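I have placed the structure first, in the form of structure tokens, so that the comments after it can refer back to it.
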Amino acid sequence: MHILVTGGAGYIGSVVVEELIRQGERVTVLDNLSQGHRAAVHPEAAFYLGDLSDRETLRTLFSRQRFDAVMHFASNTLVGESMEQPFKYIGDNVVNGLNLLRTMVEHGVHRFILSSTANLFSQPVQIPIAETESIVPGSPYGESKFILERILDWLDRIYGLRYASLRYFNAAGATSERGEDHDPETHLIPLVLRVALGQRDHITVYGTDYPTRDGTCVRDYIHVLDLAQAHILALRALNEGSRTYNLGNGLGYTVREVIETARQVTGHPIPARDGARRPGDPPVLVASSDKIWRELGWRPRYPALRDIIQSAWDWHRAHPYGYEDEDGSGPRNTP
Ligand SMILES: NC(=O)c1ccc[n+]([C@@H]2O[C@H](COP(=O)([O-])OP(=O)(O)OC[C@H]3O[C@@H](n4cnc5c(N)ncnc54)[C@H](O)[C@@H]3O)[C@@H](O)[C@H]2O)c1
């Protein structure tokens with residue numbers, strides 16, 4: 001299969017590309033490098049520098065190549081920023097997704113995988129969270145993913161476009177070659193590891209009075225390679241129809257447990273300071289992945305938090321300042 005991966009220079013997309021190529025697929029990456037890194041793109045993937053807002057770029061790309069499927073990772077991804085810049089999220093994420101989908105339909109490409117999110121479930125009633133849970137997006141970011149899910153449902157009915165929407169909880173971990181390098185970084189594990197690398201002097205724990213076992217938020221961390229595997233299984237199942245899955249380990253860890261595990265893995269004391277709750281952070285977000293277990297036989301290969309953090313630590317130690325910039329100007333995260 002020839003697969004177009006938007007956002008394939010980003011964290012999750014680059015690992016999925018690595019895994020697709022390892023499994024013998026042909027891959028083209030489209031990325032504007034606003035967050036991604038040219039060096040993260042597997043050398044056997046074709047790379048197009050371009051923006052999804054540019055319909056002409058998309059038309060040119062689709063008329064020159066024949067794609068069998070599209071995996072869509074490219075997105076604005078920051079929940080907090082989306083509360084301050086709703087148009088960038090509800091606007092750009094939706095319009096860019098529509099540009100891509102319209103070009104696909106115009107060129108007869110009918111298989112699509114969407115990176116959706118746990119931010120659809122800001123007020124879960126039942127933990128672990130199943131696909132049957134009520135959808136209450138927690139931010140304009142979550143809303144943008146939900147709108148795309150609904151659009152996909154119509155495109156399936158009208159054009160027979162088969163899609164899988166994968167609602168990830170917290171992606172984490174790394175392969176030996178590819179890891180997490182965001183600017184700004186907002187995710188807990190890489191932030192904790194930057195303390196262990198000596199790049200930050202402490203980690204702030206946002207909220208210590210939640211109704212959880214140690215008062216800090218509980219989140220579900222899924223290894224990025226397990227996510228990659230789920231994408232490939234979902235892609236292969238599309239012939240049998242569209243589908244939506246929640247994707248996590250089903251295991252929840254508190255912020256304090258993550259920090260403690262990182263201390264054990266790195267041998268660094270990782271000082272932590274207590275801070276106030278952040279608005280909109282639900283106390284517990286843990287996925288039920290029963291549906292994808294049952295329907296696709298997906299099983300996480302790296303469910304243990306220690307293994308997830310170890311893989312991230314190995315990558316961060318090998319790339320303490322992230323990926324080198326393409327123009328040779330040096331690493332972006334130079335302190
Ligand atoms: N990281 C997580 O824990 C997590 C959880 C749930 C959902 N997601 C979703 O997974 C996807 C990937 O997340 P990530 O953490 O790898 O993010 P990322 O920022 O590392 O990757 C996104 C990539 O898309 C590119 N991009 C952004 N806008 C673009 C545009 N208009 N045109 C072309 N390229 C563009 C960026 O340069 C970047 O390489 C996103 O859609 C995100 O919403 C991530």
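Simple scheme: letters A, B, ... for chains in structure tokens order, numbers from 1 for residues in each chain, numbers from 1 for ligands in the order shown.
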
Quiz item: Could you list, as JSON, numbers by chain, all the residues within 8 Å of ligand 1, counting only C-alpha atoms and all ligand atoms?
Solution: {"A": [6, 7, 8, 9, 10, 11, 12, 13, 14, 30, 31, 32, 33, 34, 35, 36, 37, 49, 50, 51, 52, 53, 72, 73, 74, 75, 76, 77, 78, 92, 93, 96, 114, 115, 116, 117, 118, 119, 141, 145, 167, 168, 169, 170, 171, 172, 180, 181, 182, 187]}

Write a file of the just-selected residues containing N, CA and C atoms, as a short mmCIF file (atom, residue, chain, number, x, y, z; two decimals), in the first residue's frame.
```cif
data_model
loop_
_atom_site.label_atom_id
_atom_site.label_comp_id
_atom_site.auth_asym_id
_atom_site.auth_seq_id
_atom_site.Cartn_x
_atom_site.Cartn_y
_atom_site.Cartn_z
N THR A 6 0.08 12.58 7.00
CA THR A 6 0.21 14.01 7.31
C THR A 6 0.74 14.12 8.74
N GLY A 7 1.66 15.05 8.96
CA GLY A 7 2.25 15.17 10.29
C GLY A 7 3.24 14.05 10.59
N GLY A 8 3.78 13.46 9.54
CA GLY A 8 4.70 12.33 9.71
C GLY A 8 6.08 12.73 10.19
N ALA A 9 6.31 14.06 10.36
CA ALA A 9 7.58 14.51 10.96
C ALA A 9 7.40 14.80 12.44
N GLY A 10 6.17 14.61 12.94
CA GLY A 10 5.89 14.85 14.36
C GLY A 10 6.14 13.61 15.19
N TYR A 11 5.82 13.72 16.44
CA TYR A 11 6.15 12.65 17.40
C TYR A 11 5.49 11.31 17.02
N ILE A 12 4.17 11.26 17.06
CA ILE A 12 3.51 9.98 16.83
C ILE A 12 3.61 9.57 15.36
N GLY A 13 3.38 10.56 14.47
CA GLY A 13 3.41 10.26 13.03
C GLY A 13 4.75 9.65 12.62
N SER A 14 5.85 10.17 13.13
CA SER A 14 7.16 9.68 12.69
C SER A 14 7.38 8.23 13.14
N LEU A 30 3.59 14.31 4.46
CA LEU A 30 3.34 15.73 4.22
C LEU A 30 3.37 16.43 5.58
N ASP A 31 4.22 17.45 5.70
CA ASP A 31 4.34 18.13 7.00
C ASP A 31 4.85 19.55 6.73
N ASN A 32 4.35 20.52 7.52
CA ASN A 32 4.85 21.89 7.34
C ASN A 32 6.01 22.20 8.29
N LEU A 33 6.41 21.21 9.08
CA LEU A 33 7.53 21.33 10.04
C LEU A 33 7.30 22.45 11.06
N SER A 34 6.02 22.81 11.30
CA SER A 34 5.75 23.82 12.33
C SER A 34 6.11 23.25 13.70
N GLN A 35 5.89 21.97 13.88
CA GLN A 35 6.28 21.29 15.12
C GLN A 35 7.21 20.12 14.83
N GLY A 36 7.13 19.58 13.65
CA GLY A 36 7.87 18.36 13.34
C GLY A 36 9.32 18.65 12.98
N HIS A 37 10.04 17.59 12.69
CA HIS A 37 11.47 17.69 12.41
C HIS A 37 11.78 16.85 11.18
N LEU A 49 7.30 19.04 1.91
CA LEU A 49 7.12 20.17 2.82
C LEU A 49 5.89 20.94 2.33
N GLY A 50 4.83 20.97 3.13
CA GLY A 50 3.63 21.67 2.67
C GLY A 50 2.63 21.79 3.80
N ASP A 51 1.65 22.68 3.59
CA ASP A 51 0.67 22.97 4.63
C ASP A 51 -0.72 22.53 4.16
N LEU A 52 -1.44 21.94 5.07
CA LEU A 52 -2.78 21.44 4.72
C LEU A 52 -3.77 22.56 4.40
N SER A 53 -3.42 23.78 4.76
CA SER A 53 -4.33 24.88 4.43
C SER A 53 -4.24 25.22 2.94
N HIS A 72 -3.88 10.75 9.23
CA HIS A 72 -3.89 12.20 9.44
C HIS A 72 -3.51 12.57 10.88
N PHE A 73 -2.22 12.89 11.05
CA PHE A 73 -1.72 13.29 12.38
C PHE A 73 -1.58 14.81 12.49
N ALA A 74 -1.45 15.50 11.33
CA ALA A 74 -1.12 16.94 11.37
C ALA A 74 -2.25 17.73 12.00
N SER A 75 -1.89 18.50 13.02
CA SER A 75 -2.94 19.19 13.77
C SER A 75 -2.28 20.17 14.72
N ASN A 76 -3.04 21.17 15.12
CA ASN A 76 -2.65 21.94 16.31
C ASN A 76 -3.08 21.09 17.49
N THR A 77 -2.23 20.97 18.49
CA THR A 77 -2.47 19.89 19.47
C THR A 77 -2.55 20.33 20.94
N LEU A 78 -2.46 21.63 21.21
CA LEU A 78 -2.34 22.04 22.61
C LEU A 78 -3.69 22.44 23.22
N ASP A 92 -8.74 26.11 12.08
CA ASP A 92 -7.70 25.50 11.24
C ASP A 92 -7.76 23.97 11.27
N ASN A 93 -7.93 23.38 12.44
CA ASN A 93 -7.92 21.90 12.47
C ASN A 93 -9.05 21.34 11.61
N ASN A 96 -8.42 22.41 7.73
CA ASN A 96 -7.32 21.63 7.15
C ASN A 96 -7.73 20.18 6.93
N LEU A 114 -7.90 8.83 11.50
CA LEU A 114 -7.86 10.11 12.21
C LEU A 114 -7.23 9.94 13.59
N SER A 115 -6.31 10.87 13.94
CA SER A 115 -5.80 10.95 15.32
C SER A 115 -6.82 11.73 16.13
N SER A 116 -7.64 11.04 16.89
CA SER A 116 -8.57 11.75 17.76
C SER A 116 -8.03 11.70 19.19
N THR A 117 -8.86 12.03 20.16
CA THR A 117 -8.28 12.30 21.48
C THR A 117 -9.20 11.97 22.65
N ALA A 118 -8.60 11.73 23.80
CA ALA A 118 -9.34 11.53 25.05
C ALA A 118 -10.00 12.82 25.51
N ASN A 119 -9.60 13.96 24.91
CA ASN A 119 -10.20 15.24 25.30
C ASN A 119 -11.68 15.31 24.90
N TYR A 141 -9.88 22.34 21.15
CA TYR A 141 -9.07 21.28 20.53
C TYR A 141 -9.89 19.99 20.41
N LYS A 145 -11.66 17.80 17.00
CA LYS A 145 -11.54 16.38 16.65
C LYS A 145 -12.93 15.75 16.54
N ARG A 167 -8.96 7.35 19.31
CA ARG A 167 -8.92 8.38 20.36
C ARG A 167 -7.84 8.02 21.36
N TYR A 168 -6.67 8.63 21.15
CA TYR A 168 -5.56 8.29 22.03
C TYR A 168 -5.73 8.97 23.37
N PHE A 169 -5.22 8.29 24.39
CA PHE A 169 -5.09 8.92 25.69
C PHE A 169 -3.67 9.54 25.69
N ASN A 170 -2.78 9.26 26.60
CA ASN A 170 -1.49 9.97 26.57
C ASN A 170 -0.43 9.14 25.88
N ALA A 171 -0.01 9.58 24.70
CA ALA A 171 1.07 8.88 24.00
C ALA A 171 2.38 9.15 24.74
N ALA A 172 3.20 8.13 24.86
CA ALA A 172 4.46 8.30 25.59
C ALA A 172 5.47 7.27 25.09
N GLU A 180 10.02 12.13 21.52
CA GLU A 180 9.15 13.29 21.65
C GLU A 180 9.98 14.56 21.78
N ASP A 181 9.79 15.50 20.86
CA ASP A 181 10.55 16.75 20.87
C ASP A 181 9.61 17.88 20.43
N HIS A 182 8.82 18.38 21.38
CA HIS A 182 7.88 19.46 21.09
C HIS A 182 8.43 20.78 21.64
N HIS A 187 3.93 17.88 27.75
CA HIS A 187 3.60 16.54 28.25
C HIS A 187 4.48 16.17 29.45
#
```

Exercise. Please run DSSP on the backbone and report, as a VMD selection string, all residues within range 22-146 of chain A that come out as alpha helix (DSSP H).
Key: chain A and resid 22 55 to 64 79 to 84 86 94 to 106 140 to 146

Just write the chosen residues, N, CA and C atoms, as a compact mmCIF listing (two decimals), in the first residue's frame.
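Final output, saved to result01.txt:
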```txt
# COMPACT_ATOMS: atom_id res chain seq x y z
N ARG A 22 8.84 -0.51 8.26
CA ARG A 22 9.36 -1.80 8.76
C ARG A 22 8.47 -2.95 8.29
N ARG A 55 -4.73 24.21 -0.56
CA ARG A 55 -5.43 23.17 -1.35
C ARG A 55 -4.67 22.85 -2.64
N GLU A 56 -3.95 23.84 -3.16
CA GLU A 56 -3.22 23.61 -4.40
C GLU A 56 -2.11 22.57 -4.17
N THR A 57 -1.43 22.69 -3.03
CA THR A 57 -0.39 21.71 -2.68
C THR A 57 -1.00 20.32 -2.62
N LEU A 58 -2.16 20.24 -2.00
CA LEU A 58 -2.81 18.93 -1.86
C LEU A 58 -3.21 18.38 -3.22
N ARG A 59 -3.78 19.24 -4.06
CA ARG A 59 -4.19 18.78 -5.40
C ARG A 59 -2.98 18.27 -6.18
N THR A 60 -1.90 19.03 -6.12
CA THR A 60 -0.69 18.62 -6.85
C THR A 60 -0.19 17.28 -6.33
N LEU A 61 -0.14 17.17 -5.02
CA LEU A 61 0.36 15.91 -4.41
C LEU A 61 -0.49 14.72 -4.84
N PHE A 62 -1.81 14.89 -4.76
CA PHE A 62 -2.70 13.77 -5.09
C PHE A 62 -2.75 13.50 -6.59
N SER A 63 -2.47 14.54 -7.43
CA SER A 63 -2.50 14.20 -8.86
C SER A 63 -1.21 13.55 -9.32
N ARG A 64 -0.13 13.77 -8.56
CA ARG A 64 1.14 13.14 -8.98
C ARG A 64 1.30 11.72 -8.45
N VAL A 79 -4.14 21.66 24.19
CA VAL A 79 -5.43 21.91 24.82
C VAL A 79 -5.49 23.32 25.40
N GLY A 80 -4.45 23.69 26.16
CA GLY A 80 -4.42 25.00 26.83
C GLY A 80 -4.47 26.13 25.81
N GLU A 81 -3.65 26.02 24.76
CA GLU A 81 -3.62 27.07 23.74
C GLU A 81 -4.98 27.19 23.06
N SER A 82 -5.67 26.06 22.91
CA SER A 82 -6.96 26.11 22.21
C SER A 82 -8.00 26.89 23.00
N MET A 83 -7.82 26.99 24.33
CA MET A 83 -8.74 27.78 25.14
C MET A 83 -8.50 29.28 24.91
N GLU A 84 -7.28 29.61 24.46
CA GLU A 84 -6.97 31.03 24.19
C GLU A 84 -7.14 31.38 22.72
N PRO A 86 -9.34 29.81 20.04
CA PRO A 86 -10.28 28.82 19.52
C PRO A 86 -10.33 28.75 17.99
N VAL A 94 -10.21 21.98 11.69
CA VAL A 94 -11.35 21.46 10.93
C VAL A 94 -11.17 21.75 9.45
N VAL A 95 -10.81 23.00 9.12
CA VAL A 95 -10.68 23.37 7.70
C VAL A 95 -9.55 22.56 7.04
N ASN A 96 -8.42 22.41 7.73
CA ASN A 96 -7.32 21.63 7.15
C ASN A 96 -7.73 20.18 6.93
N GLY A 97 -8.45 19.63 7.90
CA GLY A 97 -8.94 18.26 7.75
C GLY A 97 -9.90 18.15 6.57
N LEU A 98 -10.77 19.16 6.44
CA LEU A 98 -11.72 19.15 5.31
C LEU A 98 -11.00 19.26 3.97
N ASN A 99 -9.97 20.13 3.92
CA ASN A 99 -9.19 20.24 2.67
C ASN A 99 -8.65 18.88 2.27
N LEU A 100 -8.12 18.17 3.26
CA LEU A 100 -7.52 16.87 2.99
C LEU A 100 -8.59 15.88 2.54
N LEU A 101 -9.70 15.85 3.26
CA LEU A 101 -10.77 14.89 2.93
C LEU A 101 -11.37 15.19 1.57
N ARG A 102 -11.53 16.47 1.26
CA ARG A 102 -12.11 16.82 -0.04
C ARG A 102 -11.18 16.37 -1.16
N THR A 103 -9.88 16.60 -0.97
CA THR A 103 -8.92 16.19 -2.01
C THR A 103 -8.93 14.67 -2.14
N MET A 104 -9.05 13.97 -1.02
CA MET A 104 -9.10 12.51 -1.09
C MET A 104 -10.31 12.06 -1.92
N VAL A 105 -11.47 12.64 -1.60
CA VAL A 105 -12.69 12.22 -2.30
C VAL A 105 -12.55 12.54 -3.80
N GLU A 106 -12.01 13.72 -4.11
CA GLU A 106 -11.85 14.11 -5.53
C GLU A 106 -10.94 13.14 -6.28
N PRO A 140 -11.72 23.64 22.79
CA PRO A 140 -11.85 23.77 21.32
C PRO A 140 -11.00 22.73 20.58
N TYR A 141 -9.88 22.34 21.15
CA TYR A 141 -9.07 21.28 20.53
C TYR A 141 -9.89 19.99 20.41
N GLY A 142 -10.48 19.55 21.54
CA GLY A 142 -11.29 18.32 21.53
C GLY A 142 -12.49 18.47 20.60
N GLU A 143 -13.08 19.66 20.62
CA GLU A 143 -14.24 19.90 19.74
C GLU A 143 -13.84 19.72 18.27
N SER A 144 -12.63 20.21 17.92
CA SER A 144 -12.21 20.12 16.51
C SER A 144 -12.10 18.66 16.08
N LYS A 145 -11.66 17.80 17.00
CA LYS A 145 -11.54 16.38 16.65
C LYS A 145 -12.93 15.75 16.54
N PHE A 146 -13.82 16.19 17.42
CA PHE A 146 -15.18 15.63 17.38
C PHE A 146 -15.89 16.04 16.09
```

Practice problem: Enumerate as a PyMOL selection string all residues of range 148-278 of chain A assigned to strand (DSSP E) by DSSP on the backbone, naming them with the chain letters and numbers the document uses. | Solution: chain A and resi 162-168+170-172+203-206+218-223+243-247+252-254+272-275

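Minimum distance to Arg178 in chain A across A:Ser122, A:Gln23, A:Ser311, A:Thr216 (counting only C-alpha atoms) occurs at A:Ser311.
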
Practice problem: For CA of Val125 in chain A and CA of Pro283 in chain A, determine how far apart the two atoms are, in Å to one decimal place. | Solution: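 So the two atoms, CA of Val125 in chain A and CA of Pro283 in chain A, lie 11.8 Å apart.
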
Near range 286-297 of chain A, 7 Å: range 55-153 of chain A residue rows, closest pairs, only C-alpha atoms, as a Markdown table:
```
| residue | atom | partner | partner_atom | distance |
| --- | --- | --- | --- | --- |
| A:Ile127 | CA | A:Val286 | CA | 6.4 |
| A:Pro128 | CA | A:Ser288 | CA | 4.8 |
| A:Ile129 | CA | A:Ala287 | CA | 4.7 |
| A:Ala130 | CA | A:Ser288 | CA | 5.0 |
```

Go ahead and write the selection's residues with N, CA and C atoms as a PDB file, in the first residue's frame.
```
ATOM      1  N   ILE A 127     -15.396   4.942  34.535  1.00  0.00           N
ATOM      2  CA  ILE A 127     -13.957   4.730  34.301  1.00  0.00           C
ATOM      3  C   ILE A 127     -13.718   3.227  34.395  1.00  0.00           C
ATOM      4  N   PRO A 128     -12.984   2.573  33.509  1.00  0.00           N
ATOM      5  CA  PRO A 128     -12.338   3.111  32.322  1.00  0.00           C
ATOM      6  C   PRO A 128     -13.357   3.572  31.264  1.00  0.00           C
ATOM      7  N   ILE A 129     -12.913   4.499  30.438  1.00  0.00           N
ATOM      8  CA  ILE A 129     -13.808   5.179  29.500  1.00  0.00           C
ATOM      9  C   ILE A 129     -13.960   4.358  28.216  1.00  0.00           C
ATOM     10  N   ALA A 130     -15.198   3.955  27.948  1.00  0.00           N
ATOM     11  CA  ALA A 130     -15.478   3.169  26.731  1.00  0.00           C
ATOM     12  C   ALA A 130     -16.014   4.100  25.643  1.00  0.00           C
TER      13      ALA A 130
END
```

Practice problem: Would you list the contacts of Asp274 in chain A as a VMD selection string, taking every protein, DNA or RNA residue within 8 Å and counting only C-alpha atoms, but skipping same-chain residues closer than 6 positions in sequence? | Solution: chain A and resid 204 to 208

Practice problem: Figure out the distance between CA of Val136 in chain A and CA of Gln85 in chain A, please, to one decimal in Å. | Solution: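 Atom-to-atom, CA of Gln85 in chain A to CA of Val136 in chain A, that is 19.1 Å.
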
Quiz item: Closest to Arg256 in chain A among A:Leu188, A:Ile308, A:Val224, A:Leu193, using only C-alpha atoms?
Solution: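 Comparing A:Leu188, A:Ile308, A:Val224, A:Leu193 against Arg256 in chain A, the winner is A:Leu188.
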